[in-house]
Every structure is written in structure tokens, then in C-alpha cells.
>>> print(open('protein_25.cif').read())   # mmCIF, C-alpha atoms and all ligand atoms
data_model
#
loop_
_atom_site.label_atom_id
_atom_site.label_comp_id
_atom_site.auth_asym_id
_atom_site.auth_seq_id
_atom_site.Cartn_x
_atom_site.Cartn_y
_atom_site.Cartn_z
CA MET V 1 0.00 0.00 0.00
CA GLN V 2 1.31 3.49 -0.88
CA ALA V 3 1.76 5.97 1.95
CA VAL V 4 0.63 9.61 1.97
CA LEU V 5 1.06 12.56 4.31
CA VAL V 6 -1.89 14.75 5.30
CA ALA V 7 0.10 17.81 6.30
CA ARG V 8 -2.65 19.59 8.27
CA ALA V 9 -5.83 18.52 10.05
CA ALA V 10 -8.79 18.88 7.68
CA PHE V 11 -12.25 17.38 8.33
CA SER V 12 -11.36 13.89 9.57
CA ASP V 13 -14.50 12.35 7.99
CA ILE V 14 -13.30 13.55 4.57
CA VAL V 15 -9.61 12.80 5.01
CA ASP V 16 -10.51 9.32 6.35
CA ARG V 17 -11.54 8.40 2.78
CA LEU V 18 -7.82 8.21 2.03
CA ARG V 19 -7.45 5.28 4.45
CA ALA V 20 -9.21 2.91 2.03
CA HIS V 21 -6.38 3.49 -0.46
CA PHE V 22 -3.28 4.52 1.46
CA GLU V 23 -1.35 4.27 4.67
CA VAL V 24 -2.07 7.73 6.07
CA ASP V 25 0.31 9.78 8.22
CA ASP V 26 -1.78 12.68 9.50
CA ASN V 27 -1.37 15.70 11.74
CA PRO V 28 -4.43 15.79 14.04
CA GLU V 29 -2.85 18.47 16.26
CA ASP V 30 -2.74 20.71 13.13
CA ARG V 31 0.74 22.07 13.82
CA VAL V 32 2.43 23.82 10.87
CA LEU V 33 5.40 21.56 10.10
CA SER V 34 8.86 23.08 9.74
CA LYS V 35 10.73 22.29 6.53
CA ALA V 36 12.87 19.71 8.37
CA GLU V 37 9.74 18.05 9.81
CA LEU V 38 8.06 18.09 6.42
CA ILE V 39 11.04 16.38 4.79
CA ALA V 40 11.24 13.82 7.60
CA ARG V 41 7.51 13.04 7.46
CA LEU V 42 7.57 12.77 3.65
CA GLN V 43 10.17 9.99 3.60
CA GLY V 44 8.66 7.00 1.79
CA LYS V 45 5.48 8.94 0.95
CA ALA V 46 4.03 8.87 -2.57
CA GLY V 47 1.75 11.87 -2.03
CA ILE V 48 0.93 14.83 0.14
CA PHE V 49 -2.35 16.55 0.97
CA ALA V 50 -0.94 20.05 1.41
CA THR V 51 -2.27 23.52 2.18
CA GLY V 52 -0.80 26.94 1.49
CA SER V 53 1.22 26.57 4.71
CA GLU V 54 3.59 23.92 3.33
CA ARG V 55 6.36 25.13 1.01
CA ILE V 56 7.06 22.34 -1.45
CA ASP V 57 10.24 23.67 -3.03
CA ALA V 58 13.16 22.13 -4.91
CA GLU V 59 14.97 21.29 -1.65
CA VAL V 60 11.96 19.36 -0.32
CA LEU V 61 11.52 17.56 -3.63
CA ALA V 62 15.19 16.58 -3.83
CA ALA V 63 14.99 15.17 -0.30
CA CYS V 64 11.80 13.18 -1.01
CA PRO V 65 12.47 11.13 -4.16
CA GLN V 66 9.42 8.90 -3.74
CA LEU V 67 6.95 11.77 -3.95
CA ARG V 68 4.64 11.51 -6.98
CA ALA V 69 1.70 13.78 -6.16
CA VAL V 70 1.29 17.15 -4.42
CA CYS V 71 -2.40 17.94 -3.91
CA ASN V 72 -3.08 21.40 -2.52
CA MET V 73 -6.27 22.24 -0.62
CA ALA V 74 -6.31 25.73 -2.16
CA VAL V 75 -6.84 27.30 -5.55
CA GLY V 76 -3.55 29.20 -5.17
CA TYR V 77 -0.37 27.14 -5.45
CA ASN V 78 2.43 29.66 -5.04
CA ASN V 79 3.64 27.49 -2.11
CA ILE V 80 4.63 24.82 -4.65
CA ASP V 81 7.52 24.91 -7.11
CA VAL V 82 5.41 23.57 -9.97
CA ALA V 83 8.24 23.57 -12.54
CA ALA V 84 10.46 21.53 -10.20
CA CYS V 85 7.57 19.11 -9.58
CA HIS V 86 6.95 18.67 -13.29
CA ALA V 87 10.67 18.15 -13.95
CA ARG V 88 10.46 15.18 -11.56
CA GLY V 89 7.19 13.91 -13.03
CA ILE V 90 5.25 14.86 -9.88
CA VAL V 91 1.56 15.67 -10.39
CA VAL V 92 0.39 18.96 -8.84
CA THR V 93 -3.30 19.68 -8.23
CA ASN V 94 -5.30 22.52 -6.69
CA THR V 95 -8.98 23.10 -5.84
CA PRO V 96 -10.44 25.63 -8.28
CA ASP V 97 -14.16 26.31 -8.87
CA VAL V 98 -15.48 25.03 -5.53
CA LEU V 99 -14.45 28.23 -3.75
CA THR V 100 -15.21 30.84 -6.42
CA GLU V 101 -18.55 32.18 -5.17
CA THR V 102 -17.64 32.00 -1.47
CA THR V 103 -14.39 33.87 -2.05
CA ALA V 104 -16.16 36.48 -4.19
CA ASP V 105 -18.75 36.97 -1.40
CA PHE V 106 -15.96 37.64 1.03
CA GLY V 107 -14.05 39.97 -1.27
CA PHE V 108 -17.19 42.00 -1.76
CA ALA V 109 -17.87 42.06 2.00
CA LEU V 110 -14.32 43.20 2.72
CA MET V 111 -14.59 45.95 0.12
CA MET V 112 -17.88 47.12 1.65
CA ALA V 113 -16.50 46.95 5.18
CA ALA V 114 -13.51 49.09 4.17
CA ALA V 115 -15.61 51.64 2.28
CA ARG V 116 -18.34 51.93 4.92
CA ARG V 117 -15.90 51.78 7.83
CA ILE V 118 -17.68 48.87 9.49
CA ALA V 119 -14.73 47.50 11.51
CA GLU V 120 -13.42 50.93 12.45
CA SER V 121 -16.81 52.10 13.76
CA GLU V 122 -17.44 48.82 15.57
CA HIS V 123 -14.10 49.06 17.37
CA SER V 124 -14.94 52.63 18.38
CA LEU V 125 -18.34 51.57 19.73
CA ARG V 126 -16.74 48.77 21.77
CA ARG V 127 -14.29 51.29 23.25
CA GLY V 128 -17.32 53.21 24.57
CA GLU V 129 -16.80 56.19 22.26
CA TRP V 130 -20.40 56.36 20.94
CA THR V 131 -21.93 59.19 22.89
CA LYS V 132 -24.18 60.77 20.26
CA TRP V 133 -25.33 60.49 16.62
CA SER V 134 -23.36 62.85 14.37
CA PHE V 135 -24.01 63.80 10.77
CA ASP V 136 -20.43 63.09 9.67
CA GLN V 137 -19.44 60.27 11.97
CA PHE V 138 -17.78 57.39 10.08
CA THR V 139 -18.90 58.62 6.69
CA GLY V 140 -17.23 56.90 3.75
CA PRO V 141 -17.56 56.49 0.00
CA ASP V 142 -20.61 54.79 -1.50
CA VAL V 143 -20.30 51.35 -3.02
CA HIS V 144 -23.43 51.25 -5.19
CA GLY V 145 -22.96 53.08 -8.46
CA ALA V 146 -19.21 53.58 -7.85
CA THR V 147 -16.63 52.28 -10.33
CA LEU V 148 -15.44 48.79 -9.43
CA GLY V 149 -11.89 48.02 -10.57
CA ILE V 150 -10.72 44.43 -10.71
CA LEU V 151 -7.11 43.38 -11.21
CA GLY V 152 -7.11 39.73 -12.29
CA MET V 153 -10.23 38.65 -14.16
CA GLY V 154 -10.24 34.89 -13.61
CA ARG V 155 -13.12 32.97 -12.07
CA ILE V 156 -13.14 34.90 -8.80
CA GLY V 157 -12.64 38.28 -10.49
CA GLN V 158 -15.61 37.57 -12.75
CA ALA V 159 -17.75 36.51 -9.77
CA ILE V 160 -16.94 39.82 -8.06
CA ALA V 161 -17.73 41.72 -11.25
CA ARG V 162 -21.17 40.04 -11.39
CA ARG V 163 -21.94 41.07 -7.82
CA GLY V 164 -20.90 44.66 -8.52
CA ALA V 165 -22.61 45.06 -11.88
CA LEU V 166 -25.84 43.18 -11.23
CA GLY V 167 -26.34 43.77 -7.51
CA PHE V 168 -24.88 47.22 -6.96
CA GLY V 169 -25.14 48.97 -10.34
CA MET V 170 -21.38 49.46 -10.50
CA PRO V 171 -19.61 50.19 -13.77
CA VAL V 172 -16.84 47.55 -13.88
CA ILE V 173 -13.36 48.08 -15.30
CA TYR V 174 -10.68 45.41 -15.22
CA HIS V 175 -7.12 44.62 -16.16
CA ASN V 176 -5.86 41.11 -16.80
CA ARG V 177 -2.99 39.38 -18.61
CA SER V 178 -5.45 38.51 -21.37
CA ARG V 179 -8.67 40.21 -22.35
CA LEU V 180 -11.99 38.36 -21.91
CA GLU V 181 -14.10 37.33 -24.89
CA PRO V 182 -16.38 40.25 -25.95
CA ALA V 183 -19.49 38.20 -25.07
CA ILE V 184 -18.23 37.65 -21.51
CA GLU V 185 -17.29 41.32 -21.16
CA GLN V 186 -20.77 42.23 -22.30
CA ALA V 187 -22.48 39.81 -19.92
CA LEU V 188 -20.46 41.21 -17.02
CA GLY V 189 -20.76 44.80 -18.20
CA ALA V 190 -16.97 44.96 -17.80
CA ARG V 191 -14.59 47.24 -19.70
CA TYR V 192 -10.96 46.26 -20.29
CA VAL V 193 -8.47 49.01 -19.42
CA ASP V 194 -4.71 49.26 -18.99
CA LYS V 195 -3.29 49.22 -15.49
CA PRO V 196 -2.73 53.00 -15.13
CA THR V 197 -6.36 53.63 -16.15
CA LEU V 198 -7.55 51.00 -13.69
CA LEU V 199 -5.62 52.66 -10.87
CA ARG V 200 -6.77 56.14 -11.86
CA GLU V 201 -10.47 55.41 -12.41
CA ALA V 202 -11.41 52.75 -9.83
CA ASP V 203 -13.37 53.91 -6.79
CA HIS V 204 -12.95 50.45 -5.29
CA LEU V 205 -10.06 48.31 -6.51
CA VAL V 206 -10.10 44.56 -5.79
CA LEU V 207 -7.00 42.40 -6.34
CA VAL V 208 -7.53 38.82 -7.47
CA VAL V 209 -4.27 38.05 -9.30
CA PRO V 210 -2.28 34.89 -8.57
CA TYR V 211 1.04 35.47 -6.84
CA SER V 212 4.24 34.89 -8.79
CA ALA V 213 7.57 36.67 -9.24
CA ALA V 214 5.83 38.69 -11.97
CA SER V 215 3.02 39.89 -9.68
CA HIS V 216 5.28 40.66 -6.69
CA HIS V 217 4.46 44.16 -5.39
CA THR V 218 2.10 44.84 -8.28
CA ILE V 219 0.70 47.51 -5.97
CA GLY V 220 3.39 49.63 -4.33
CA ALA V 221 3.95 53.29 -3.53
CA ALA V 222 3.95 54.37 -7.20
CA GLU V 223 0.63 52.61 -7.93
CA LEU V 224 -1.02 53.82 -4.71
CA ALA V 225 -0.05 57.38 -5.68
CA GLN V 226 -2.07 57.02 -8.89
CA MET V 227 -5.29 56.02 -7.07
CA LYS V 228 -8.02 58.44 -6.02
CA PRO V 229 -7.69 59.71 -2.44
CA THR V 230 -11.27 58.51 -1.92
CA ALA V 231 -10.58 55.01 -3.27
CA THR V 232 -10.41 51.70 -1.39
CA LEU V 233 -8.11 48.76 -2.05
CA THR V 234 -9.09 45.15 -1.27
CA ASN V 235 -6.61 42.27 -1.43
CA ILE V 236 -7.96 38.72 -1.43
CA ALA V 237 -5.21 37.47 -3.77
CA ARG V 238 -1.97 36.80 -1.92
CA GLY V 239 0.34 38.72 0.35
CA GLY V 240 3.25 39.91 -1.76
CA VAL V 241 0.99 41.22 -4.52
CA VAL V 242 0.87 44.39 -2.39
CA ASP V 243 3.84 46.11 -0.78
CA ASP V 244 2.36 46.15 2.73
CA ALA V 245 4.82 48.76 4.05
CA ALA V 246 3.93 51.15 1.22
CA LEU V 247 0.21 50.51 1.76
CA ALA V 248 0.49 51.20 5.50
CA GLU V 249 2.18 54.52 4.71
CA ALA V 250 -0.45 55.43 2.08
CA LEU V 251 -3.25 54.69 4.56
CA LYS V 252 -1.53 56.69 7.28
CA GLN V 253 -1.06 59.67 4.95
CA GLY V 254 -4.66 59.39 3.64
CA ARG V 255 -3.40 58.86 0.08
CA ILE V 256 -6.24 56.35 -0.31
CA ALA V 257 -9.34 56.19 1.88
CA ALA V 258 -9.24 52.64 3.20
CA ALA V 259 -8.21 49.05 2.55
CA GLY V 260 -9.51 45.55 3.21
CA LEU V 261 -6.87 42.85 3.49
CA ASP V 262 -7.31 39.11 3.89
CA VAL V 263 -3.74 38.20 2.89
CA PHE V 264 -0.37 39.56 3.96
CA GLU V 265 3.30 39.44 3.13
CA GLY V 266 4.86 36.88 5.50
CA GLU V 267 1.50 35.90 7.03
CA PRO V 268 0.50 35.03 9.71
CA LYS V 269 2.65 38.03 10.64
CA VAL V 270 1.05 41.38 9.77
CA HIS V 271 3.09 44.51 9.05
CA PRO V 272 3.02 46.66 12.24
CA GLY V 273 2.20 49.73 10.15
CA LEU V 274 -1.08 48.10 9.08
CA LEU V 275 -1.96 47.22 12.67
CA ALA V 276 -1.40 50.85 13.64
CA VAL V 277 -3.82 52.54 11.20
CA PRO V 278 -7.61 52.57 11.70
CA ASN V 279 -8.64 52.72 8.03
CA VAL V 280 -7.91 49.10 7.17
CA VAL V 281 -9.98 45.98 7.80
CA LEU V 282 -7.73 43.00 8.53
CA THR V 283 -8.87 39.37 8.36
CA PRO V 284 -6.79 36.18 8.74
CA HIS V 285 -6.89 34.63 5.24
CA ILE V 286 -10.48 33.42 5.49
CA ALA V 287 -11.99 34.39 2.13
CA SER V 288 -12.83 30.78 1.28
CA ALA V 289 -13.85 29.91 4.84
CA SER V 290 -17.51 29.01 4.60
CA ILE V 291 -18.13 25.60 6.12
CA ALA V 292 -19.49 24.10 2.90
CA THR V 293 -16.66 25.49 0.77
CA ARG V 294 -13.86 24.38 3.07
CA ARG V 295 -15.41 20.89 3.08
CA ALA V 296 -15.67 20.95 -0.72
CA MET V 297 -12.00 22.00 -0.99
CA ALA V 298 -10.88 19.18 1.33
CA SER V 299 -13.01 16.68 -0.57
CA LEU V 300 -11.59 17.74 -3.93
CA ALA V 301 -8.01 17.58 -2.63
CA VAL V 302 -8.69 14.04 -1.37
CA ASP V 303 -10.20 13.01 -4.73
CA ASN V 304 -7.20 14.53 -6.52
CA LEU V 305 -4.75 12.59 -4.36
CA ILE V 306 -6.58 9.32 -4.96
CA ALA V 307 -6.75 9.95 -8.73
CA SER V 308 -3.17 11.23 -9.00
CA LEU V 309 -1.77 8.09 -7.41
CA GLY V 310 -3.84 5.86 -9.64
CA CYS V 311 -6.27 4.56 -7.02
CA GLY V 312 -10.05 4.52 -6.87
CA PRO V 313 -12.66 4.99 -9.60
CA ASN V 314 -10.81 7.86 -11.28
CA ALA V 315 -7.59 5.88 -11.73
CA GLY V 316 -5.94 6.82 -14.99
CA ARG V 317 -7.98 10.01 -15.41
CA PRO V 318 -5.89 13.16 -15.24
CA PRO V 319 -6.73 15.12 -12.06
CA THR V 320 -8.37 18.53 -12.40
C1 LIG V 401 -6.86 29.50 -1.82
O1 LIG V 401 -7.60 28.56 -2.07
O2 LIG V 401 -5.90 29.79 -2.52
C2 LIG V 401 -7.14 30.26 -0.57
O3 LIG V 401 -6.41 31.43 -0.51
C3 LIG V 401 -6.87 29.40 0.64
O4 LIG V 401 -5.50 29.20 0.74
#
>>> encode(input="protein_25.cif", output="C-alpha cells")
Amino acid sequence: MQAVLVARAAFSDIVDRLRAHFEVDDNPEDRVLSKAELIARLQGKAGIFATGSERIDAEVLAACPQLRAVCNMAVGYNNIDVAACHARGIVVTNTPDVLTETTADFGFALMMAAARRIAESEHSLRRGEWTKWSFDQFTGPDVHGATLGILGMGRIGQAIARRGALGFGMPVIYHNRSRLEPAIEQALGARYVDKPTLLREADHLVLVVPYSAASHHTIGAAELAQMKPTATLTNIARGGVVDDAALAEALKQGRIAAAGLDVFEGEPKVHPGLLAVPNVVLTPHIASASIATRRAMASLAVDNLIASLGCGPNAGRPPT
């Protein structure tokens, strides 16, 4: 029987399906494994059920020659050196589609919370500062009818565009590596623009680009300087797409109105400058965290591992 590592605890009833096919080494205490622990635990393992917390890089792969499948419980896979995996004939899978709508819901909520100052006003109320109603207390920019800018128009970007255009009457502009088909643009009411136009015209800018060396610090001081002072920035993509130090400074100086961040450079650490400013909503990488969606992601990762290692009903079918 082949052996696999389940690197983090994830819904034991779902992960237990692996036991019919493999010897399973799991991590019920859900500790994030160090690289040395990961390498040690992967010895003799044919596959890994991974999450964004495990870095599967060339060093790990070289130290684990029996590894044949890396199945990530995430749509993002910047934690995996895919080229190095492919060079060794290792299958890599992720969990797209099942989290699209849930993640778009959250991105929209974060954008609204930033614009309408929901977290900031709630914190103030809890501190006992609400002594009277005031005409200008916690006023912020409108969301409905404002221009929604989307950087990265994949599945999640399109789901956010639908919410903005159909639910909130927002003109949608977007920038992406490749332009959408005209029929899709028309259905979404979305207009393709270059990046400077996106930065200049968006009232609410949402980032949904995958992280790679090419997208590192896509939004830094120079880009923030091009945005409207009344604009908001929401990042549900990956830490590293935004220069967090530059964003903290821009928020402090009021160069943009507010931000909503679910992902951070070097998370779970958060840049102290972001913790120090009131005009940012900070959440701990939970955009896909509805109960049903997290279960669907775990289930798909399990199916992918079974299929990738040639077991079960999908044996021989390429994993999605
Ligand atoms: C994803 O699926 O990529 C989410 O960010 C969770 O890691």
C-alpha cells in the first residue's frame, strides 16, 4: 500500500476516505510543520495533501524522491515549485471552482467593510466612544454606483464583477494578462483598461491576481499614488501582490481612503504599520472559509490525491 502525508488537520471524515487506499500519516494536532519536519515526514510517501502553509520547493523535492503527487487544498499554489515538480514527473493539483462564489462573497464584503468603515466604527463603539449620533461620523464612499476596478479577471474576479454590476449597479473596469471574450465582457458589463487607467479610475479596486515573481508588489507606492484619495483597495489574492509597508504609509497619509486585506506578506505576521492605522480591515486569510466550501476544498483535494496516485474509480484520469 502506498503511503501519503496529510500535512494539516482537515475534516477527519473527509480525510478518512484516504485510508481505504493509502497508509495515512496525518497531523491531528494541526501544527504547521517546519521544513525539516516536512522532509522527515515525507520519507517513503508517494503523495501529500498540502495547504498553502507547506512550502514544497526544490529542496523538499530533492529530499523526497518517492513523492509523486502534491495535492493542494487551495486554488492558489504559489507554495509549490510547480516547474520543479513537473521536472520530476510529480503531479500537482489545486482546488479551483469550488471556492469561487464564497471567495467572491468575502471579497465584496471586505470591500464594503472598508468603504463603509464597518470595523473601524465597531471598534470605536466597543471602546465606549459612541456618545451621540453625528451627521459626519464614520462617513465613507458609497459602493453602489461607484466604479469597481478588478485586477485579475479569472473565475473569482468575474464573480466579483457580477456582484458589482448586477447587484450594486457598478460600472466595472478590469485589467488582466489577457482580455476576456467580448461576449463575456458584455455579460459582465466589464470594460478592459490598462493598469494605469484602472488605478486612476477605480473607486474600489479589488485584487484577485495569482502570486508569482511577476506579480510581486504589483501595488506599491507608485501605484497607490495614482489612485483616487477617496478610493479603497481590497486584497484577497496573496500577500506579496501588495507592498504592505507602502500601503500602510499610504493609509496613514490618507493617500487612499481605506483598505480591506485578507492576505499579507509573510502571514501570519502582519506589518506593524497596518496594525497601527484605523482605516484598514484585517482578516486572517479566510476568504474561502464558509463551512461548505472548506469541506468541498478538502473533498476535492482528497479526490485529486486518490486519482493522482492511480487509485479509486478515477484511476488513470488526469486530475483537475
Ligand atoms: C486559496 O484557495 O488559494 C485560498 O487562498 C486558501 O488558501
>>> closest_residue(input="protein_25.cif", among="V:Pro196, V:Pro28, V:Gly128, V:Gly140", to="Met111 (chain V)", atoms="only C-alpha atoms")
V:Gly140
>>> residues_around(input="protein_25.cif", residues="Gly152 (chain V)", least_positions_apart="3", cutoff="8 Å", atoms="all atoms listed in the file", output="list in words")
Gly157, Tyr174, His175, Asn176, Arg177, Leu207, Val208, Val209 and Pro210 of chain V
>>> atom_distance(input="protein_25.cif", atom1="CA of Ala276 (chain V)", atom2="CA of Ser121 (chain V)")
15.5 Å
>>> closest_residue(input="protein_25.cif", among="V:Val277, V:Met297, V:Ala74, V:Ile256", to="ligand LIG 401 (chain V)", atoms="all atoms listed in the file")
V:Ala74
>>> closest_residue(input="protein_25.cif", among="V:Thr230, V:Thr293, V:Gln186, V:Asn27", to="ligand LIG 401 (chain V)", atoms="only C-alpha atoms and all ligand atoms")
V:Thr293
>>> atom_distance(input="protein_25.cif", atom1="CA of Glu23 (chain V)", atom2="CA of Gln2 (chain V)")
6.2 Å
>>> decode(input="protein_25.cif", residues="region 202-229 of chain V", atoms="N, CA and C atoms", output="CSV table (one decimal), in the first residue's frame")
chain,number,residue,atom,x,y,z
V,202,ALA,N,-10.6,53.6,-10.8
V,202,ALA,CA,-11.4,52.8,-9.8
V,202,ALA,C,-11.7,53.5,-8.6
V,203,ASP,N,-13.0,53.4,-8.1
V,203,ASP,CA,-13.4,53.9,-6.8
V,203,ASP,C,-13.1,52.8,-5.8
V,204,HIS,N,-13.3,51.6,-6.2
V,204,HIS,CA,-13.0,50.4,-5.3
V,204,HIS,C,-12.2,49.4,-6.1
V,205,LEU,N,-10.9,49.2,-5.7
V,205,LEU,CA,-10.1,48.3,-6.5
V,205,LEU,C,-9.9,47.0,-5.7
V,206,VAL,N,-10.2,45.9,-6.4
V,206,VAL,CA,-10.1,44.6,-5.8
V,206,VAL,C,-9.0,43.8,-6.5
V,207,LEU,N,-8.1,43.2,-5.7
V,207,LEU,CA,-7.0,42.4,-6.3
V,207,LEU,C,-7.3,40.9,-6.3
V,208,VAL,N,-7.2,40.3,-7.4
V,208,VAL,CA,-7.5,38.8,-7.5
V,208,VAL,C,-6.5,38.1,-8.4
V,209,VAL,N,-5.3,38.7,-8.4
V,209,VAL,CA,-4.3,38.0,-9.3
V,209,VAL,C,-3.5,37.0,-8.6
V,210,PRO,N,-3.1,35.9,-9.2
V,210,PRO,CA,-2.3,34.9,-8.6
V,210,PRO,C,-0.9,35.5,-8.2
V,211,TYR,N,-0.3,35.0,-7.2
V,211,TYR,CA,1.0,35.5,-6.8
V,211,TYR,C,2.1,34.7,-7.6
V,212,SER,N,3.1,35.5,-8.2
V,212,SER,CA,4.2,34.9,-8.8
V,212,SER,C,5.3,36.0,-8.7
V,213,ALA,N,6.5,35.6,-9.2
V,213,ALA,CA,7.6,36.7,-9.2
V,213,ALA,C,7.1,37.9,-10.1
V,214,ALA,N,6.3,37.6,-11.1
V,214,ALA,CA,5.8,38.7,-12.0
V,214,ALA,C,4.8,39.6,-11.3
V,215,SER,N,4.0,39.0,-10.3
V,215,SER,CA,3.0,39.9,-9.7
V,215,SER,C,3.5,40.4,-8.3
V,216,HIS,N,4.8,40.2,-8.0
V,216,HIS,CA,5.3,40.7,-6.7
V,216,HIS,C,5.2,42.2,-6.6
V,217,HIS,N,4.6,42.7,-5.6
V,217,HIS,CA,4.5,44.2,-5.4
V,217,HIS,C,3.9,44.9,-6.6
V,218,THR,N,2.8,44.2,-7.2
V,218,THR,CA,2.1,44.8,-8.3
V,218,THR,C,1.5,46.2,-7.8
V,219,ILE,N,1.2,46.2,-6.5
V,219,ILE,CA,0.7,47.5,-6.0
V,219,ILE,C,1.7,48.0,-4.9
V,220,GLY,N,2.4,49.0,-5.3
V,220,GLY,CA,3.4,49.6,-4.3
V,220,GLY,C,3.1,51.1,-4.3
V,221,ALA,N,4.1,51.8,-3.8
V,221,ALA,CA,3.9,53.3,-3.5
V,221,ALA,C,3.6,54.0,-4.8
V,222,ALA,N,4.2,53.7,-5.9
V,222,ALA,CA,3.9,54.4,-7.2
V,222,ALA,C,2.5,54.1,-7.7
V,223,GLU,N,2.0,52.9,-7.5
V,223,GLU,CA,0.6,52.6,-7.9
V,223,GLU,C,-0.4,53.3,-7.0
V,224,LEU,N,-0.1,53.2,-5.7
V,224,LEU,CA,-1.0,53.8,-4.7
V,224,LEU,C,-1.1,55.3,-5.0
V,225,ALA,N,0.0,55.9,-5.4
V,225,ALA,CA,-0.1,57.4,-5.7
V,225,ALA,C,-1.0,57.7,-6.9
V,226,GLN,N,-1.2,56.7,-7.7
V,226,GLN,CA,-2.1,57.0,-8.9
V,226,GLN,C,-3.6,56.9,-8.6
V,227,MET,N,-3.9,56.3,-7.4
V,227,MET,CA,-5.3,56.0,-7.1
V,227,MET,C,-6.0,57.3,-6.5
V,228,LYS,N,-7.3,57.3,-6.6
V,228,LYS,CA,-8.0,58.4,-6.0
V,228,LYS,C,-7.9,58.5,-4.5
V,229,PRO,N,-7.8,59.7,-3.9
V,229,PRO,CA,-7.7,59.7,-2.4
V,229,PRO,C,-8.9,59.2,-1.7
